[in-house]
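Student: Before anything else, here's the structure in question.
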Amino acid sequence: ITFAILHVILQPTGLEPIVASVCVGNLFGLILPYLATVATFVHIFIRPCLEFFLYVGAYEAIVLEYKYAWIICVLLLNIAVAITDTSHRAVEGADYRYNRSRYLDKAACKFWDSFEGYLSTTVVPWSENATLDPNRQFIFACHPHGIHCTPLGQFHCTGTPFDKRFPGICDNKLSGLAASIVFKLPGVREFFLSMNYIDASRQVVEKALEANRSLFICTGSGEESLLTKQGEDILVLSRRRGFVRMALMYGCDIVPIFGVGNSDLFATYSWGMGFRMWMQKKLHISIPIFHGRYLTPLPYKVPMKVLVLHPKLVERDQTMHWLIHTY
């Protein structure tokens, strides 16, 4: 609903690509438009209900008079849901996709499509005649992480440049993997769930692969994000072998995805790198220091090329050392 409202309001002004890009750049600040939507809903719908069923002025007396208490209650409710809800660990029902035949979904899709236009995103396959069989099981391994792993956006919904080039993949039992901490943040949690992400823990991944689902993941995780530098692509692969191990266990092919330009979207700084790397390794909390254009979360306008490299066909009798070496 939030993104659909933003599309309706911003599309006529021409500011939609800018705002969508700021939302991506300030991904973990998505709680702000989320709370704004809650406040708008309360003002538009709750106010007339209170005054109809109770008395005129009930909204001011009950809601505005105790607004800080209500804000705290909403935050506590979201925290309680984040702690107790296990939707991100459920494989069943993880097939949600924005359906462009429904108005709200279509409007939300258009909001995110505008970000692709802002970066002039193009998908470049390994050959002109490249195809991917929608009936096969894949692990799409995306590189590099950058501040945000922008190439992952190609798998979020139908209608993306990747979906147009390889039809039948994005709407066929496909889930993304995200760190557990992501699903503990109000607003951010709902965003990732709406984009068909599940928890990246081994137990959930195995459950998804057993259900014959394909997966997309940024293998470098938070460590790779901290190492991001403009003009340089740094990959963390030597200690990130879990996706190869899972591919061997379940016999699913690995498709390397490389985002050319992803590392150049933000300027980064190495201040306190030792402490921040310690936090990432010990607490799994990654805190990159970065900014985009005009010292804001707006990414620099760098053309993005998403390279889809030749799939690594995986057979169960292959050795892990051989597969890692060839990858």
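Residues are named by chain letter and number: chains run A, B, ... in the order of the structure tokens, numbers start at 1 in each chain, and ligands are numbered from 1 in the order shown.
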Excluding Glu116 (chain A) and residues on its chain fewer than 3 positions from it, collect all residues at most 12 Å away from it, counting only C-alpha atoms, and give them as a CSV table (one decimal) with N, CA, C and O atoms, in the first residue's frame.
Tutor:
```csv
chain,number,residue,atom,x,y,z
A,16,GLU,N,9.3,10.3,-9.1
A,16,GLU,CA,9.2,8.9,-8.7
A,16,GLU,C,10.5,8.1,-8.7
A,16,GLU,O,10.9,7.5,-7.8
A,17,PRO,N,11.3,8.2,-9.8
A,17,PRO,CA,12.6,7.5,-9.9
A,17,PRO,C,13.5,8.0,-8.7
A,17,PRO,O,14.3,7.2,-8.2
A,18,ILE,N,13.5,9.3,-8.4
A,18,ILE,CA,14.4,9.8,-7.4
A,18,ILE,C,14.0,9.2,-6.0
A,18,ILE,O,14.8,8.8,-5.3
A,20,ALA,N,12.2,6.5,-5.4
A,20,ALA,CA,12.4,5.1,-5.3
A,20,ALA,C,13.9,4.8,-5.1
A,20,ALA,O,14.2,3.9,-4.4
A,21,SER,N,14.8,5.6,-5.7
A,21,SER,CA,16.2,5.4,-5.5
A,21,SER,C,16.6,5.7,-4.1
A,21,SER,O,17.5,5.0,-3.5
A,24,VAL,N,15.7,2.8,-1.9
A,24,VAL,CA,16.7,1.7,-2.1
A,24,VAL,C,18.0,2.1,-1.3
A,24,VAL,O,18.6,1.3,-0.6
A,109,CYS,N,4.6,-2.1,-8.2
A,109,CYS,CA,5.6,-2.6,-9.2
A,109,CYS,C,6.1,-1.4,-10.0
A,109,CYS,O,7.4,-1.3,-10.3
A,110,LYS,N,5.3,-0.5,-10.4
A,110,LYS,CA,5.7,0.6,-11.2
A,110,LYS,C,6.6,1.6,-10.4
A,110,LYS,O,7.6,2.2,-11.0
A,111,PHE,N,6.4,1.6,-9.1
A,111,PHE,CA,7.2,2.4,-8.3
A,111,PHE,C,8.6,1.9,-8.3
A,111,PHE,O,9.6,2.6,-8.5
A,112,TRP,N,8.8,0.6,-8.1
A,112,TRP,CA,10.1,0.0,-8.2
A,112,TRP,C,10.7,-0.1,-9.5
A,112,TRP,O,11.9,0.0,-9.7
A,113,ASP,N,9.9,-0.2,-10.6
A,113,ASP,CA,10.4,-0.2,-12.0
A,113,ASP,C,11.1,1.1,-12.2
A,113,ASP,O,12.0,1.2,-13.0
A,119,LEU,N,18.7,3.9,-13.0
A,119,LEU,CA,20.0,3.4,-13.2
A,119,LEU,C,20.3,2.9,-14.7
A,119,LEU,O,21.4,2.4,-15.0
A,120,SER,N,19.2,3.0,-15.5
A,120,SER,CA,19.3,2.4,-16.9
A,120,SER,C,19.8,1.0,-16.9
A,120,SER,O,20.8,0.7,-17.5
A,121,THR,N,19.2,0.1,-16.1
A,121,THR,CA,19.6,-1.2,-15.9
A,121,THR,C,19.4,-2.1,-17.2
A,121,THR,O,18.3,-2.0,-17.8
A,122,THR,N,20.4,-2.8,-17.6
A,122,THR,CA,20.3,-3.7,-18.7
A,122,THR,C,20.8,-5.1,-18.3
A,122,THR,O,21.7,-5.2,-17.4
A,123,VAL,N,20.2,-6.1,-18.8
A,123,VAL,CA,20.6,-7.5,-18.5
A,123,VAL,C,21.4,-8.1,-19.7
A,123,VAL,O,20.9,-8.0,-20.9
A,150,THR,N,22.1,-4.6,-5.5
A,150,THR,CA,21.1,-4.1,-6.5
A,150,THR,C,20.7,-5.2,-7.5
A,150,THR,O,19.5,-5.3,-7.8
A,151,PRO,N,21.6,-6.1,-8.0
A,151,PRO,CA,21.1,-7.1,-8.9
A,151,PRO,C,20.1,-8.0,-8.4
A,151,PRO,O,19.3,-8.6,-9.2
A,152,LEU,N,19.9,-8.2,-7.1
A,152,LEU,CA,18.9,-9.0,-6.5
A,152,LEU,C,17.5,-8.5,-7.0
A,152,LEU,O,16.5,-9.3,-7.0
A,153,GLY,N,17.4,-7.2,-7.2
A,153,GLY,CA,16.1,-6.7,-7.6
A,153,GLY,C,15.5,-7.2,-8.9
A,153,GLY,O,14.3,-7.1,-9.2
A,154,GLN,N,16.4,-7.9,-9.7
A,154,GLN,CA,15.9,-8.5,-10.9
A,154,GLN,C,15.0,-9.7,-10.7
A,154,GLN,O,14.2,-10.1,-11.6
A,159,GLY,N,8.3,-8.8,-14.8
A,159,GLY,CA,8.4,-7.5,-15.6
A,159,GLY,C,9.7,-6.9,-15.5
A,159,GLY,O,9.9,-5.8,-16.1
A,160,THR,N,10.7,-7.4,-14.7
A,160,THR,CA,12.0,-6.8,-14.6
A,160,THR,C,12.8,-7.2,-15.9
A,160,THR,O,12.4,-8.1,-16.7
A,161,PRO,N,13.9,-6.5,-16.2
A,161,PRO,CA,14.7,-6.8,-17.4
A,161,PRO,C,15.1,-8.3,-17.4
A,161,PRO,O,15.1,-8.9,-18.5
A,162,PHE,N,15.4,-8.9,-16.3
A,162,PHE,CA,15.8,-10.3,-16.2
A,162,PHE,C,14.6,-11.2,-16.6
A,162,PHE,O,14.7,-12.1,-17.4
A,299,PRO,N,21.5,7.1,-4.8
A,299,PRO,CA,22.7,6.5,-5.4
A,299,PRO,C,23.2,7.4,-6.6
A,299,PRO,O,22.4,8.1,-7.2
A,301,LYS,N,24.2,8.2,-10.2
A,301,LYS,CA,23.5,7.7,-11.4
A,301,LYS,C,24.5,7.0,-12.3
A,301,LYS,O,25.0,7.5,-13.3
A,302,VAL,N,24.7,5.7,-12.0
A,302,VAL,CA,25.7,4.9,-12.8
A,302,VAL,C,24.9,3.8,-13.5
A,302,VAL,O,24.1,3.1,-13.0
A,303,PRO,N,25.1,3.7,-14.9
A,303,PRO,CA,24.4,2.7,-15.6
A,303,PRO,C,24.8,1.3,-15.1
A,303,PRO,O,25.9,1.0,-14.8
A,304,MET,N,23.7,0.5,-14.9
A,304,MET,CA,23.9,-0.9,-14.3
A,304,MET,C,23.8,-1.9,-15.3
A,304,MET,O,22.8,-2.0,-16.0
A,305,LYS,N,24.8,-2.7,-15.5
A,305,LYS,CA,24.8,-3.9,-16.3
A,305,LYS,C,24.8,-5.2,-15.5
A,305,LYS,O,25.7,-5.4,-14.7
A,306,VAL,N,23.7,-6.0,-15.6
A,306,VAL,CA,23.6,-7.2,-14.8
A,306,VAL,C,24.0,-8.3,-15.8
A,306,VAL,O,23.3,-8.7,-16.7
```
Student: Just the residues within 8 Å of Pro288 (chain A), please, counting only C-alpha atoms, with nothing from its chain fewer than 6 positions along; format it as an mmCIF file with N, CA, C and O atoms, in the first residue's frame.
Tutor:
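Generated file (selection_25.cif):
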```
data_model
loop_
_atom_site.group_PDB
_atom_site.id
_atom_site.type_symbol
_atom_site.label_atom_id
_atom_site.label_comp_id
_atom_site.auth_asym_id
_atom_site.auth_seq_id
_atom_site.Cartn_x
_atom_site.Cartn_y
_atom_site.Cartn_z
ATOM 1 N N ILE A 147 26.924 -1.662 -1.343
ATOM 2 C CA ILE A 147 26.186 -1.235 -0.164
ATOM 3 C C ILE A 147 24.846 -1.957 -0.114
ATOM 4 O O ILE A 147 24.414 -2.464 0.925
ATOM 5 N N SER A 225 29.849 -6.155 1.929
ATOM 6 C CA SER A 225 29.305 -4.805 1.944
ATOM 7 C C SER A 225 30.274 -3.825 2.590
ATOM 8 O O SER A 225 30.474 -2.709 2.103
ATOM 9 N N LEU A 226 30.899 -4.227 3.701
ATOM 10 C CA LEU A 226 31.841 -3.355 4.396
ATOM 11 C C LEU A 226 33.079 -3.056 3.548
ATOM 12 O O LEU A 226 33.701 -1.989 3.693
ATOM 13 N N THR A 268 32.123 5.303 -0.126
ATOM 14 C CA THR A 268 32.248 4.612 1.156
ATOM 15 C C THR A 268 33.492 5.096 1.902
ATOM 16 O O THR A 268 34.403 5.682 1.307
ATOM 17 N N TYR A 269 33.520 4.821 3.209
ATOM 18 C CA TYR A 269 34.620 5.253 4.064
ATOM 19 C C TYR A 269 35.044 4.102 4.971
ATOM 20 O O TYR A 269 34.216 3.272 5.368
ATOM 21 N N ARG A 276 33.984 -2.251 13.079
ATOM 22 C CA ARG A 276 32.794 -2.624 12.313
ATOM 23 C C ARG A 276 32.908 -4.045 11.759
ATOM 24 O O ARG A 276 31.920 -4.778 11.708
#
```
Student: Just want the 8 Å neighbourhood of His145 (chain A), counted on only C-alpha atoms, with same-chain residues fewer than 4 positions away dropped. Output as a PDB file with all heavy atoms, in the first residue's frame.
Tutor:
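Dumped to selection_4.pdb:
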```pdb
ATOM      1  N   CYS A 149      22.789  -4.970  -2.561  1.00  0.00           N
ATOM      2  CA  CYS A 149      22.991  -5.866  -3.704  1.00  0.00           C
ATOM      3  C   CYS A 149      21.892  -5.613  -4.734  1.00  0.00           C
ATOM      4  O   CYS A 149      20.903  -6.356  -4.822  1.00  0.00           O
ATOM      5  CB  CYS A 149      22.995  -7.313  -3.246  1.00  0.00           C
ATOM      6  SG  CYS A 149      23.637  -8.448  -4.506  1.00  0.00           S
ATOM      7  N   THR A 150      22.083  -4.571  -5.521  1.00  0.00           N
ATOM      8  CA  THR A 150      21.069  -4.134  -6.479  1.00  0.00           C
ATOM      9  C   THR A 150      20.656  -5.216  -7.479  1.00  0.00           C
ATOM     10  O   THR A 150      19.477  -5.293  -7.838  1.00  0.00           O
ATOM     11  CB  THR A 150      21.567  -2.891  -7.227  1.00  0.00           C
ATOM     12  OG1 THR A 150      22.010  -1.914  -6.266  1.00  0.00           O
ATOM     13  CG2 THR A 150      20.466  -2.278  -8.064  1.00  0.00           C
ATOM     14  N   CYS A 218      22.876 -13.105  -2.360  1.00  0.00           N
ATOM     15  CA  CYS A 218      24.136 -12.372  -2.482  1.00  0.00           C
ATOM     16  C   CYS A 218      25.130 -13.063  -1.554  1.00  0.00           C
ATOM     17  O   CYS A 218      25.016 -12.969  -0.332  1.00  0.00           O
ATOM     18  CB  CYS A 218      23.957 -10.905  -2.100  1.00  0.00           C
ATOM     19  SG  CYS A 218      25.405  -9.916  -2.454  1.00  0.00           S
ATOM     20  N   THR A 219      26.083 -13.788  -2.120  1.00  0.00           N
ATOM     21  CA  THR A 219      26.912 -14.697  -1.331  1.00  0.00           C
ATOM     22  C   THR A 219      27.881 -13.969  -0.405  1.00  0.00           C
ATOM     23  O   THR A 219      28.289 -14.514   0.612  1.00  0.00           O
ATOM     24  CB  THR A 219      27.713 -15.618  -2.270  1.00  0.00           C
ATOM     25  OG1 THR A 219      28.587 -14.817  -3.075  1.00  0.00           O
ATOM     26  CG2 THR A 219      26.775 -16.395  -3.177  1.00  0.00           C
ATOM     27  N   GLY A 220      28.284 -12.733  -0.743  1.00  0.00           N
ATOM     28  CA  GLY A 220      29.299 -12.040   0.048  1.00  0.00           C
ATOM     29  C   GLY A 220      28.818 -11.521   1.379  1.00  0.00           C
ATOM     30  O   GLY A 220      29.616 -11.226   2.268  1.00  0.00           O
ATOM     31  N   SER A 221      27.504 -11.377   1.538  1.00  0.00           N
ATOM     32  CA  SER A 221      26.886 -10.966   2.794  1.00  0.00           C
ATOM     33  C   SER A 221      27.442  -9.617   3.283  1.00  0.00           C
ATOM     34  O   SER A 221      27.980  -8.828   2.522  1.00  0.00           O
ATOM     35  CB  SER A 221      27.075 -12.059   3.846  1.00  0.00           C
ATOM     36  OG  SER A 221      26.310 -11.806   4.985  1.00  0.00           O
ATOM     37  N   GLY A 222      27.286  -9.382   4.604  1.00  0.00           N
ATOM     38  CA  GLY A 222      27.656  -8.086   5.175  1.00  0.00           C
ATOM     39  C   GLY A 222      29.137  -7.784   5.104  1.00  0.00           C
ATOM     40  O   GLY A 222      29.540  -6.615   5.025  1.00  0.00           O
ATOM     41  N   GLU A 224      31.205  -8.422   2.659  1.00  0.00           N
ATOM     42  CA  GLU A 224      31.481  -7.849   1.342  1.00  0.00           C
ATOM     43  C   GLU A 224      30.965  -6.416   1.252  1.00  0.00           C
ATOM     44  O   GLU A 224      31.565  -5.570   0.596  1.00  0.00           O
ATOM     45  CB  GLU A 224      30.836  -8.727   0.268  1.00  0.00           C
ATOM     46  CG  GLU A 224      31.384  -8.521  -1.122  1.00  0.00           C
ATOM     47  CD  GLU A 224      30.883  -9.589  -2.072  1.00  0.00           C
ATOM     48  OE1 GLU A 224      31.515 -10.663  -2.155  1.00  0.00           O
ATOM     49  OE2 GLU A 224      29.839  -9.368  -2.728  1.00  0.00           O
ATOM     50  N   SER A 225      29.849  -6.155   1.929  1.00  0.00           N
ATOM     51  CA  SER A 225      29.305  -4.805   1.944  1.00  0.00           C
ATOM     52  C   SER A 225      30.274  -3.825   2.590  1.00  0.00           C
ATOM     53  O   SER A 225      30.474  -2.709   2.103  1.00  0.00           O
ATOM     54  CB  SER A 225      27.958  -4.790   2.680  1.00  0.00           C
ATOM     55  OG  SER A 225      27.437  -3.488   2.761  1.00  0.00           O
ATOM     56  N   THR A 228      33.183  -2.604   0.341  1.00  0.00           N
ATOM     57  CA  THR A 228      32.826  -1.934  -0.910  1.00  0.00           C
ATOM     58  C   THR A 228      33.650  -0.656  -1.118  1.00  0.00           C
ATOM     59  O   THR A 228      33.805   0.154  -0.209  1.00  0.00           O
ATOM     60  CB  THR A 228      31.330  -1.568  -0.916  1.00  0.00           C
ATOM     61  OG1 THR A 228      30.563  -2.772  -0.830  1.00  0.00           O
ATOM     62  CG2 THR A 228      30.949  -0.824  -2.177  1.00  0.00           C
ATOM     63  N   LEU A 235      35.169  -9.169  -3.981  1.00  0.00           N
ATOM     64  CA  LEU A 235      34.309 -10.305  -3.678  1.00  0.00           C
ATOM     65  C   LEU A 235      34.870 -11.087  -2.500  1.00  0.00           C
ATOM     66  O   LEU A 235      36.082 -11.254  -2.376  1.00  0.00           O
ATOM     67  CB  LEU A 235      34.179 -11.243  -4.888  1.00  0.00           C
ATOM     68  CG  LEU A 235      33.743 -10.634  -6.215  1.00  0.00           C
ATOM     69  CD1 LEU A 235      33.489 -11.740  -7.231  1.00  0.00           C
ATOM     70  CD2 LEU A 235      32.505  -9.774  -6.043  1.00  0.00           C
ATOM     71  N   ASN A 262      27.639  -1.856  -9.603  1.00  0.00           N
ATOM     72  CA  ASN A 262      26.988  -1.890  -8.292  1.00  0.00           C
ATOM     73  C   ASN A 262      27.867  -1.288  -7.195  1.00  0.00           C
ATOM     74  O   ASN A 262      27.366  -0.676  -6.255  1.00  0.00           O
ATOM     75  CB  ASN A 262      26.615  -3.327  -7.926  1.00  0.00           C
ATOM     76  CG  ASN A 262      25.677  -3.404  -6.746  1.00  0.00           C
ATOM     77  OD1 ASN A 262      24.692  -2.673  -6.674  1.00  0.00           O
ATOM     78  ND2 ASN A 262      25.981  -4.268  -5.792  1.00  0.00           N
ATOM     79  N   SER A 263      29.188  -1.456  -7.324  1.00  0.00           N
ATOM     80  CA  SER A 263      30.105  -0.915  -6.309  1.00  0.00           C
ATOM     81  C   SER A 263      30.277   0.593  -6.414  1.00  0.00           C
ATOM     82  O   SER A 263      30.858   1.214  -5.516  1.00  0.00           O
ATOM     83  CB  SER A 263      31.476  -1.598  -6.428  1.00  0.00           C
ATOM     84  OG  SER A 263      31.375  -2.992  -6.211  1.00  0.00           O
TER      85      SER A 263
END
```
Student: If DSSP is run on the backbone, what residues of region 229-281 of chain A are helix (DSSP H, G or I)? A reply as a ChimeraX atom specification would be ideal.
Tutor: /A:242-250,262-264,273-281
Student: Would you output that residue set with N, CA, C and O atoms, as a PDB file, in the first residue's frame?
Tutor:
```pdb
ATOM      1  N   GLY A 242      28.902 -22.100   1.326  1.00  0.00           N
ATOM      2  CA  GLY A 242      27.638 -22.739   1.657  1.00  0.00           C
ATOM      3  C   GLY A 242      26.742 -22.953   0.457  1.00  0.00           C
ATOM      4  O   GLY A 242      26.107 -24.009   0.319  1.00  0.00           O
ATOM      5  N   PHE A 243      26.690 -21.962  -0.456  1.00  0.00           N
ATOM      6  CA  PHE A 243      25.800 -22.100  -1.611  1.00  0.00           C
ATOM      7  C   PHE A 243      26.279 -23.203  -2.547  1.00  0.00           C
ATOM      8  O   PHE A 243      25.475 -23.888  -3.179  1.00  0.00           O
ATOM      9  N   VAL A 244      27.611 -23.404  -2.618  1.00  0.00           N
ATOM     10  CA  VAL A 244      28.146 -24.497  -3.433  1.00  0.00           C
ATOM     11  C   VAL A 244      27.809 -25.838  -2.792  1.00  0.00           C
ATOM     12  O   VAL A 244      27.413 -26.794  -3.470  1.00  0.00           O
ATOM     13  N   ARG A 245      27.948 -25.908  -1.485  1.00  0.00           N
ATOM     14  CA  ARG A 245      27.621 -27.148  -0.765  1.00  0.00           C
ATOM     15  C   ARG A 245      26.154 -27.518  -0.947  1.00  0.00           C
ATOM     16  O   ARG A 245      25.813 -28.689  -1.186  1.00  0.00           O
ATOM     17  N   MET A 246      25.270 -26.530  -0.851  1.00  0.00           N
ATOM     18  CA  MET A 246      23.845 -26.803  -1.031  1.00  0.00           C
ATOM     19  C   MET A 246      23.540 -27.256  -2.465  1.00  0.00           C
ATOM     20  O   MET A 246      22.729 -28.155  -2.686  1.00  0.00           O
ATOM     21  N   ALA A 247      24.210 -26.627  -3.442  1.00  0.00           N
ATOM     22  CA  ALA A 247      23.998 -27.022  -4.843  1.00  0.00           C
ATOM     23  C   ALA A 247      24.410 -28.467  -5.071  1.00  0.00           C
ATOM     24  O   ALA A 247      23.731 -29.218  -5.785  1.00  0.00           O
ATOM     25  N   LEU A 248      25.519 -28.875  -4.456  1.00  0.00           N
ATOM     26  CA  LEU A 248      25.965 -30.258  -4.592  1.00  0.00           C
ATOM     27  C   LEU A 248      25.012 -31.232  -3.910  1.00  0.00           C
ATOM     28  O   LEU A 248      24.703 -32.307  -4.440  1.00  0.00           O
ATOM     29  N   MET A 249      24.533 -30.864  -2.736  1.00  0.00           N
ATOM     30  CA  MET A 249      23.640 -31.752  -1.984  1.00  0.00           C
ATOM     31  C   MET A 249      22.338 -32.007  -2.723  1.00  0.00           C
ATOM     32  O   MET A 249      21.808 -33.124  -2.702  1.00  0.00           O
ATOM     33  N   TYR A 250      21.829 -30.976  -3.415  1.00  0.00           N
ATOM     34  CA  TYR A 250      20.505 -31.092  -4.033  1.00  0.00           C
ATOM     35  C   TYR A 250      20.551 -31.096  -5.559  1.00  0.00           C
ATOM     36  O   TYR A 250      19.509 -31.150  -6.208  1.00  0.00           O
ATOM     37  N   ASN A 262      27.639  -1.856  -9.603  1.00  0.00           N
ATOM     38  CA  ASN A 262      26.988  -1.890  -8.292  1.00  0.00           C
ATOM     39  C   ASN A 262      27.867  -1.288  -7.195  1.00  0.00           C
ATOM     40  O   ASN A 262      27.366  -0.676  -6.255  1.00  0.00           O
ATOM     41  N   SER A 263      29.188  -1.456  -7.324  1.00  0.00           N
ATOM     42  CA  SER A 263      30.105  -0.915  -6.309  1.00  0.00           C
ATOM     43  C   SER A 263      30.277   0.593  -6.414  1.00  0.00           C
ATOM     44  O   SER A 263      30.858   1.214  -5.516  1.00  0.00           O
ATOM     45  N   ASP A 264      29.793   1.175  -7.523  1.00  0.00           N
ATOM     46  CA  ASP A 264      30.013   2.603  -7.762  1.00  0.00           C
ATOM     47  C   ASP A 264      28.812   3.468  -7.397  1.00  0.00           C
ATOM     48  O   ASP A 264      28.826   4.676  -7.627  1.00  0.00           O
ATOM     49  N   MET A 273      36.971   0.668  10.605  1.00  0.00           N
ATOM     50  CA  MET A 273      36.738  -0.595   9.910  1.00  0.00           C
ATOM     51  C   MET A 273      36.999  -1.802  10.799  1.00  0.00           C
ATOM     52  O   MET A 273      36.261  -2.803  10.745  1.00  0.00           O
ATOM     53  N   GLY A 274      38.034  -1.739  11.631  1.00  0.00           N
ATOM     54  CA  GLY A 274      38.344  -2.877  12.494  1.00  0.00           C
ATOM     55  C   GLY A 274      37.183  -3.213  13.418  1.00  0.00           C
ATOM     56  O   GLY A 274      36.787  -4.381  13.541  1.00  0.00           O
ATOM     57  N   PHE A 275      36.623  -2.190  14.062  1.00  0.00           N
ATOM     58  CA  PHE A 275      35.499  -2.420  14.975  1.00  0.00           C
ATOM     59  C   PHE A 275      34.260  -2.875  14.219  1.00  0.00           C
ATOM     60  O   PHE A 275      33.555  -3.787  14.658  1.00  0.00           O
ATOM     61  N   ARG A 276      33.984  -2.251  13.079  1.00  0.00           N
ATOM     62  CA  ARG A 276      32.794  -2.624  12.313  1.00  0.00           C
ATOM     63  C   ARG A 276      32.908  -4.045  11.759  1.00  0.00           C
ATOM     64  O   ARG A 276      31.920  -4.778  11.708  1.00  0.00           O
ATOM     65  N   MET A 277      34.127  -4.455  11.362  1.00  0.00           N
ATOM     66  CA  MET A 277      34.317  -5.826  10.888  1.00  0.00           C
ATOM     67  C   MET A 277      34.162  -6.815  12.035  1.00  0.00           C
ATOM     68  O   MET A 277      33.623  -7.917  11.861  1.00  0.00           O
ATOM     69  N   TRP A 278      34.603  -6.414  13.245  1.00  0.00           N
ATOM     70  CA  TRP A 278      34.426  -7.265  14.421  1.00  0.00           C
ATOM     71  C   TRP A 278      32.936  -7.465  14.713  1.00  0.00           C
ATOM     72  O   TRP A 278      32.489  -8.580  15.001  1.00  0.00           O
ATOM     73  N   MET A 279      32.166  -6.380  14.619  1.00  0.00           N
ATOM     74  CA  MET A 279      30.722  -6.476  14.847  1.00  0.00           C
ATOM     75  C   MET A 279      30.065  -7.394  13.814  1.00  0.00           C
ATOM     76  O   MET A 279      29.174  -8.183  14.145  1.00  0.00           O
ATOM     77  N   GLN A 280      30.530  -7.310  12.574  1.00  0.00           N
ATOM     78  CA  GLN A 280      29.944  -8.144  11.534  1.00  0.00           C
ATOM     79  C   GLN A 280      30.232  -9.619  11.787  1.00  0.00           C
ATOM     80  O   GLN A 280      29.358 -10.471  11.630  1.00  0.00           O
ATOM     81  N   LYS A 281      31.449  -9.926  12.189  1.00  0.00           N
ATOM     82  CA  LYS A 281      31.829 -11.329  12.372  1.00  0.00           C
ATOM     83  C   LYS A 281      31.247 -11.913  13.650  1.00  0.00           C
ATOM     84  O   LYS A 281      30.847 -13.073  13.679  1.00  0.00           O
TER      85      LYS A 281
END
```
Student: Give the strand (DSSP E) residues of region 76-283 of chain A, as DSSP finds them on the backbone, and put them as a ChimeraX atom specification.
Tutor: /A:122-125,138-143,174-178,197-199,214-218,253-260,267-269
Student: With only C-alpha atoms as the atoms that count, which of A:Phe191, A:Tyr118, A:Phe155, A:Phe258 lies nearest to Leu307 (chain A)?
Tutor: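 Comparing A:Phe191, A:Tyr118, A:Phe155, A:Phe258 against Leu307 (chain A), the winner is A:Phe258.
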Student: Pick out the residues sitting within 10 Å of region 209-217 of chain A, and hand them over as a PyMOL selection string; count only C-alpha atoms, and ignore anything fewer than 5 positions along from it in its own chain.
Tutor: chain A and resi 91-92+94-95+134-143+145+149+151-152+154-156+169-170+172-178+197-198+200+204+243+246-247+249-257
Student: Limited to C-alpha atoms, could you put the picked residues into a file as a JSON list (two decimals), in the first residue's frame?
Tutor:
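New file again-v4.json:
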```json
[["chain", "number", "residue", "atom", "x", "y", "z"],
["A", 91, "VAL", "CA", 8.74, -22.17, 2.79],
["A", 92, "GLU", "CA", 5.08, -22.87, 2.14],
["A", 94, "ALA", "CA", 6.61, -18.08, -0.12],
["A", 95, "ASP", "CA", 5.50, -17.78, -3.74],
["A", 134, "PRO", "CA", 12.06, -22.71, -15.85],
["A", 135, "ASN", "CA", 11.58, -26.34, -14.82],
["A", 136, "ARG", "CA", 15.15, -26.73, -13.54],
["A", 137, "GLN", "CA", 16.28, -25.81, -10.06],
["A", 138, "PHE", "CA", 18.81, -22.96, -9.79],
["A", 139, "ILE", "CA", 20.80, -21.05, -7.23],
["A", 140, "PHE", "CA", 21.38, -17.52, -8.55],
["A", 141, "ALA", "CA", 24.58, -16.29, -6.85],
["A", 142, "CYS", "CA", 24.81, -12.49, -7.07],
["A", 143, "HIS", "CA", 28.04, -10.46, -6.90],
["A", 145, "HIS", "CA", 27.19, -7.05, -2.61],
["A", 149, "CYS", "CA", 22.99, -5.87, -3.70],
["A", 151, "PRO", "CA", 21.15, -7.12, -8.93],
["A", 152, "LEU", "CA", 18.86, -9.02, -6.53],
["A", 154, "GLN", "CA", 15.90, -8.50, -10.93],
["A", 155, "PHE", "CA", 14.22, -11.43, -9.15],
["A", 156, "HIS", "CA", 11.74, -9.54, -6.95],
["A", 169, "ILE", "CA", 11.90, -18.00, -13.82],
["A", 170, "CYS", "CA", 10.66, -15.19, -11.58],
["A", 172, "ASN", "CA", 8.05, -20.22, -10.66],
["A", 173, "LYS", "CA", 8.92, -21.27, -7.08],
["A", 174, "LEU", "CA", 11.69, -18.72, -6.54],
["A", 175, "SER", "CA", 12.73, -17.29, -3.16],
["A", 176, "GLY", "CA", 15.45, -14.92, -2.00],
["A", 177, "LEU", "CA", 17.66, -15.43, 1.05],
["A", 178, "ALA", "CA", 18.26, -12.68, 3.62],
["A", 197, "TYR", "CA", 12.55, -13.50, 0.86],
["A", 198, "ILE", "CA", 13.05, -16.23, 3.45],
["A", 200, "ALA", "CA", 19.10, -17.61, 5.08],
["A", 204, "VAL", "CA", 15.31, -23.01, 6.04],
["A", 243, "PHE", "CA", 25.80, -22.10, -1.61],
["A", 246, "MET", "CA", 23.84, -26.80, -1.03],
["A", 247, "ALA", "CA", 24.00, -27.02, -4.84],
["A", 249, "MET", "CA", 23.64, -31.75, -1.98],
["A", 250, "TYR", "CA", 20.51, -31.09, -4.03],
["A", 251, "GLY", "CA", 21.90, -31.17, -7.57],
["A", 252, "CYS", "CA", 20.76, -27.68, -8.58],
["A", 253, "ASP", "CA", 22.69, -25.57, -11.09],
["A", 254, "ILE", "CA", 24.50, -22.39, -10.05],
["A", 255, "VAL", "CA", 24.00, -19.25, -12.16],
["A", 256, "PRO", "CA", 26.56, -16.48, -11.43],
["A", 257, "ILE", "CA", 25.07, -12.96, -11.57]]
```
Student: Could you please determine the separation between CA of His7 (chain A) and CA of Ala107 (chain A) in Å, to one decimal place?
Tutor: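 Separating CA of His7 (chain A) from CA of Ala107 (chain A) is a distance of 6.0 Å.
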Student: I'd like the neighbourhood of Val8 (chain A) as a ChimeraX atom specification, where a residue qualifies if any of its atoms comes within 12 Å (using only C-alpha atoms), though same-chain residues fewer than 3 positions away should be ignored.
Tutor: /A:1-5,11-16,103-104,106-111
Student: Name all residues at most 7 Å from Phe266 (chain A) (count only C-alpha atoms; drop same-chain ones fewer than 3 positions away) and give them as number ranges by chain.
Tutor: A: 290-292, 299-300
Student: Quick one, how far is CA of Trp70 (chain A) from CA of Lys184 (chain A)?
Tutor: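 Those two atoms sit 20.6 Å apart.
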